[in-house]
Amino acid sequence: MELPHFEPKDEGYAARVQDSFARQGAMATLGAALAGIEPGRVVIELDWAAGLSQQHGFLHAGMVATALDSACGYAGFTLMPLDAGVLTIEYKINLLAPAKGQRFRMVGQVIKPGRTVTVTEGRAYAIDNGREKLIATMGATLMTITGRDDVKN
């Protein structure tokens, strides 16, 4: 499937994503890092850690959802105006396989940008001994927030 081409409303979108991501305590707690920023697409990566696992040693589904939500949110944010903030208003996750691996890659992709509401999709991959496996998908809806001092990116 060919990815859509989007034009950002702010040429400084990548720096805004980086600055906002750096302020996220949740991503720091996960040890997550930005691995790619393009208009309408963001990649987040993180390593497996015992403190992020569930009882069987897999990365906990909540950690997968958290990182995938951020990838989708920042993908939408790349296309929002300079003065906008972003909030997720809904998501659905499909857990396809246990999150078994040494490293994980979360990809968020805008499907339909909007002035107020943006629709995104996400895919989470486990990297285990050099092999990559799709472990989860997400559909997320985002809201562009303007004019609020408590929601600024």
# chains A, B, ... in the order shown; residues from 1 in each chain; ligands from 1

call {"tool": "residues_around", "arguments": {"residues": "segment 98-103 of chain A", "least_positions_apart": "3", "cutoff": "10 Å", "atoms": "only C-alpha atoms", "output": "PyMOL selection string"}}
result
chain A and resi 45-49+53-54+56-61+63-64+95+124-136

call {"tool": "select_by_dssp", "arguments": {"residues": "chain A", "states": "strand (DSSP E or B)", "output": "count of residues only"}}
result
63

call {"tool": "select_by_dssp", "arguments": {"residues": "segment 19-118 of chain A", "states": "alpha helix (DSSP H)", "output": "list in words"}}
result
Asp19, Ser20, Phe21, Ala22, Gly25, Ala26, Met27, Ala28, Thr29, Leu30, Ala61, Gly62, Met63, Val64, Ala65, Thr66, Ala67, Leu68, Asp69, Ser70, Ala71, Cys72, Gly73, Tyr74, Ala75, Gly76 and Phe77 of chain A

call {"tool": "closest_residue", "arguments": {"among": "A:Ala28, A:Lys9, A:Ala50, A:Ser70", "to": "Arg115 of chain A", "atoms": "only C-alpha atoms"}}
result
A:Lys9

call {"tool": "atom_distance", "arguments": {"atom1": "atom CA of Gly122 of chain A", "atom2": "atom CA of Leu68 of chain A"}}
result
6.3 Å

call {"tool": "residues_around", "arguments": {"residues": "Gly25 of chain A", "least_positions_apart": "5", "cutoff": "12 Å", "atoms": "only C-alpha atoms", "output": "list of chain:residue names"}}
result
A:Ser20, A:Leu30, A:Gly31, A:Ala32, A:Ala33, A:Thr66, A:Ala67, A:Ser70

call {"tool": "closest_residue", "arguments": {"among": "A:Gln18, A:Gln109, A:Thr88, A:Thr118", "to": "Leu34 of chain A", "atoms": "only C-alpha atoms"}}
result
A:Gln18

call {"tool": "residues_around", "arguments": {"residues": "Leu79 of chain A", "least_positions_apart": "6", "cutoff": "7 Å", "atoms": "only C-alpha atoms", "output": "list in words"}}
result
Pro8, Lys9, Pro39 and Gly40 of chain A

call {"tool": "residues_around", "arguments": {"residues": "Val119 of chain A", "least_positions_apart": "3", "cutoff": "12 Å", "atoms": "only C-alpha atoms", "output": "PyMOL selection string"}}
result
chain A and resi 40+72-77+79+87-92+108-116+122+138-144

call {"tool": "write_last_selection", "arguments": {"atoms": "N, CA, C and O atoms", "output": "compact mmCIF listing (two decimals), in the first residue's frame"}}
result
# COMPACT_ATOMS: atom_id res chain seq x y z
N GLY A 40 2.76 13.35 8.72
CA GLY A 40 1.75 12.31 8.80
C GLY A 40 2.23 10.96 9.27
O GLY A 40 1.45 9.99 9.31
N CYS A 72 0.73 7.38 17.08
CA CYS A 72 -0.42 7.87 16.33
C CYS A 72 -0.66 9.36 16.60
O CYS A 72 -0.91 10.14 15.68
N GLY A 73 -0.60 9.74 17.88
CA GLY A 73 -0.83 11.14 18.24
C GLY A 73 0.18 12.07 17.60
O GLY A 73 -0.19 13.13 17.06
N TYR A 74 1.44 11.70 17.65
CA TYR A 74 2.46 12.57 17.05
C TYR A 74 2.39 12.56 15.52
O TYR A 74 2.72 13.56 14.89
N ALA A 75 1.94 11.46 14.92
CA ALA A 75 1.74 11.45 13.47
C ALA A 75 0.72 12.53 13.10
O ALA A 75 0.94 13.32 12.16
N GLY A 76 -0.39 12.57 13.84
CA GLY A 76 -1.39 13.60 13.58
C GLY A 76 -0.86 14.99 13.87
O GLY A 76 -1.15 15.95 13.13
N PHE A 77 -0.09 15.12 14.93
CA PHE A 77 0.46 16.41 15.34
C PHE A 77 1.35 17.02 14.27
O PHE A 77 1.41 18.25 14.13
N LEU A 79 0.84 17.35 11.29
CA LEU A 79 0.04 18.05 10.29
C LEU A 79 -0.80 19.18 10.88
O LEU A 79 -1.55 19.84 10.17
N LEU A 87 -4.77 15.82 21.39
CA LEU A 87 -5.24 14.87 22.39
C LEU A 87 -5.93 13.70 21.68
O LEU A 87 -6.66 13.90 20.71
N THR A 88 -5.67 12.50 22.16
CA THR A 88 -6.38 11.33 21.65
C THR A 88 -7.78 11.35 22.25
O THR A 88 -7.95 11.52 23.45
N ILE A 89 -8.79 11.14 21.40
CA ILE A 89 -10.16 11.09 21.91
C ILE A 89 -10.75 9.68 21.83
O ILE A 89 -11.79 9.42 22.42
N GLU A 90 -10.05 8.77 21.14
CA GLU A 90 -10.53 7.39 21.06
C GLU A 90 -9.44 6.54 20.43
O GLU A 90 -8.71 7.00 19.56
N TYR A 91 -9.31 5.31 20.92
CA TYR A 91 -8.51 4.34 20.17
C TYR A 91 -9.00 2.93 20.44
O TYR A 91 -9.61 2.65 21.45
N LYS A 92 -8.71 2.08 19.47
CA LYS A 92 -8.99 0.65 19.58
C LYS A 92 -7.71 -0.07 19.20
O LYS A 92 -7.09 0.25 18.18
N GLY A 108 3.02 5.22 13.70
CA GLY A 108 1.74 5.91 13.58
C GLY A 108 1.65 6.58 12.23
O GLY A 108 2.62 7.19 11.77
N GLN A 109 0.48 6.47 11.58
CA GLN A 109 0.29 6.99 10.23
C GLN A 109 -1.08 7.66 10.13
O GLN A 109 -2.08 7.07 10.51
N VAL A 110 -1.10 8.89 9.64
CA VAL A 110 -2.36 9.59 9.42
C VAL A 110 -3.08 8.97 8.24
O VAL A 110 -2.48 8.73 7.19
N ILE A 111 -4.36 8.71 8.43
CA ILE A 111 -5.22 8.22 7.35
C ILE A 111 -6.01 9.37 6.76
O ILE A 111 -6.11 9.53 5.55
N LYS A 112 -6.58 10.20 7.65
CA LYS A 112 -7.40 11.34 7.22
C LYS A 112 -7.17 12.51 8.18
O LYS A 112 -7.64 12.47 9.31
N PRO A 113 -6.42 13.53 7.75
CA PRO A 113 -6.26 14.70 8.60
C PRO A 113 -7.51 15.57 8.52
O PRO A 113 -8.23 15.54 7.53
N GLY A 114 -7.75 16.32 9.58
CA GLY A 114 -8.89 17.23 9.58
C GLY A 114 -8.57 18.47 10.38
O GLY A 114 -7.59 18.53 11.12
N ARG A 115 -9.41 19.47 10.23
CA ARG A 115 -9.23 20.73 10.96
C ARG A 115 -9.38 20.51 12.45
O ARG A 115 -8.64 21.05 13.25
N THR A 116 -10.35 19.66 12.84
CA THR A 116 -10.61 19.40 14.25
C THR A 116 -10.31 17.95 14.63
O THR A 116 -9.75 17.68 15.68
N GLY A 122 -2.09 2.71 13.57
CA GLY A 122 -0.78 2.38 14.09
C GLY A 122 -0.50 0.90 13.95
O GLY A 122 -1.42 0.08 13.90
N MET A 138 -3.62 -0.46 15.68
CA MET A 138 -4.45 0.50 16.41
C MET A 138 -5.14 1.42 15.42
O MET A 138 -4.56 1.79 14.41
N GLY A 139 -6.37 1.75 15.73
CA GLY A 139 -7.07 2.83 15.05
C GLY A 139 -7.29 3.91 16.09
O GLY A 139 -7.81 3.61 17.18
N ALA A 140 -6.88 5.14 15.82
CA ALA A 140 -6.98 6.21 16.80
C ALA A 140 -7.57 7.46 16.17
O ALA A 140 -7.30 7.78 15.01
N THR A 141 -8.37 8.16 16.96
CA THR A 141 -8.96 9.43 16.57
C THR A 141 -8.38 10.51 17.47
O THR A 141 -8.34 10.35 18.69
N LEU A 142 -7.94 11.59 16.86
CA LEU A 142 -7.27 12.68 17.57
C LEU A 142 -8.06 13.97 17.42
O LEU A 142 -8.75 14.16 16.42
N MET A 143 -7.91 14.84 18.40
CA MET A 143 -8.53 16.15 18.31
C MET A 143 -7.45 17.22 18.31
O MET A 143 -6.51 17.18 19.11
N THR A 144 -7.59 18.18 17.41
CA THR A 144 -6.74 19.36 17.38
C THR A 144 -7.30 20.34 18.41
O THR A 144 -8.46 20.70 18.35

call {"tool": "closest_residue", "arguments": {"among": "A:Gly62, A:Gly85, A:Ile44, A:Phe104", "to": "Asp149 of chain A", "atoms": "only C-alpha atoms"}}
result
A:Gly85
